[in-house]
Structures are given as structure tokens and as C-alpha cells.
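To keep things clear, I will list the structure first and then write my remarks on it.
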Amino acid sequence: MKLKTLTSTTGFIAIAVVSLVLIGLVTALGSSAQFDLTENKLYTLSEGTHAVVSKLEKPVKLHLFFSQSESRDLPELRSYARRVEETLQEMVEINPKKLSLKTIDPQAFSEQEDQAAEFGLQSVPIRPGKTLYFGLVAEDDKGVVQTIGFLQPDRETVLEYEVAQMIYRLGRSEAPQIGLMSSINMMGEFNFMSPGAAKSWVVVEQLQQLFDVKKLNP
């Protein structure tokens, strides 16, 4: 009996000590401190994102549209919306002089709803007569925009990459130029020797999203 009592007491003391350490840690780091204990580090920004955001040449504004009232009965979606907002806010904190975030609740028949529709965001019906917006718009200083029409929870693992790509496109003065040298028709040019619809390779299309790709003759 004494052994059991001693063990229980020791356990309570250990829990108390750990709790005090955690409280002290949070107090020392401030309210913005975050701990990422997920297996895939979903809430930790990559070094690539840090590099993209910290080296922005032009200001970029992020507009996060989320229907607060229409989503009250969708706790999982609301939870994901909070994670999205936290991720975007983390990006802003890297370079607040060049990157900003504004959250918008596009209520029915409001100016904000009209704005969401003008940006081309998707309205998803959730029940008769009710639709929901959950999209992201990135805008540069000249009004050029990149959008994600609807932020799907099943694409959470690629969210950071897609947002960083949008920011990268809009935050540079001009696209870096790279040369592609190949004896294979990778860029989809018309070839008289093999007529038909020529299509560029996927890898080239991906490069063209970020760079000005020029073909170099061997």
C-alpha cells in the first residue's frame, strides 16, 4: 500500500513539474508561440517558403474569404479555416512590410459577397438557399491577382506550396529567364515530320508557371 501511495505521489509531482515548465515556456516565448507535434509537420513553414516571402520584390496582399455564419454547423471546416488563417499569418510575420493578410466574411447579399464573385471564387451550396465561400486571393500592387477558388481540406498537405507559388509569381518584378536545351520536342512546337497537335511536356508547363522559359538550339 505504501509503495502504491508513493508511486502516485511521485506521478502527481512529475505532472506538476512538467506543467510548470510548459507554462514557463509559453510565457517566455509569448502568445504567438506554436508547437508542431504533427507527423508531417503540417504547421511548420518550409525553408523554401521563408526564402520566397523574405525576398519579395513587390508588396502582395492576401484576401481570405470565409463565410462565418453559413459555416456554423460545419465544425471540421471551421477548424480547417482557422489552420489556414494561422498558416497565412505565419507567412505574413516573415515579411510584414511586403506581405499582408485580410480576412473577409462574404455574407449573403453583401458587398463582400459581390467582391468574392468578381474574383471568381466558388460558392458552394450547403443547404437550400445557402451557399458558402472559402477561397483565397493574392493581389500585387498593380491589381494582378492569383486565386484559389475553394480551399479544399483534402488538399491541406499542398496548401503551403500553392500559396507560396502564388506569392512568388506576384511578388517579383519580372520572371527569371531560363534556357531549355534538348533534341526532343519538349515545348510542343509544330513539327512537319510528325503532324498533329503538339503538346508541351508537363515538366515544361510547370517551369513556365514560375519562369520565362526559352528554347536554346544545341
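Scheme for the C-alpha cells: letters A, B, ... for chains in order shown; per-chain residue numbers from 1; ligand numbers from 1 in order shown.
Around stretch 92-103 of chain A, within 8 Å and counting only C-alpha atoms, the residues found are His50, Val53, Ser54, Leu56, Glu57, Lys58, Pro59, Val60, Lys61, Leu62, His63, Leu64, Phe65, Phe66 and Leu88 of chain A, once anything fewer than 4 positions away on its own chain is removed.
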Residues at most 9 Å from A:Val163, counting only C-alpha atoms, excluding those fewer than 3 positions away in the same chain, as a list in words?
Leu88, Leu136, Ala138, Ile148, Val158, Leu159, Glu160, Met166, Ile167 and Tyr168 of chain A
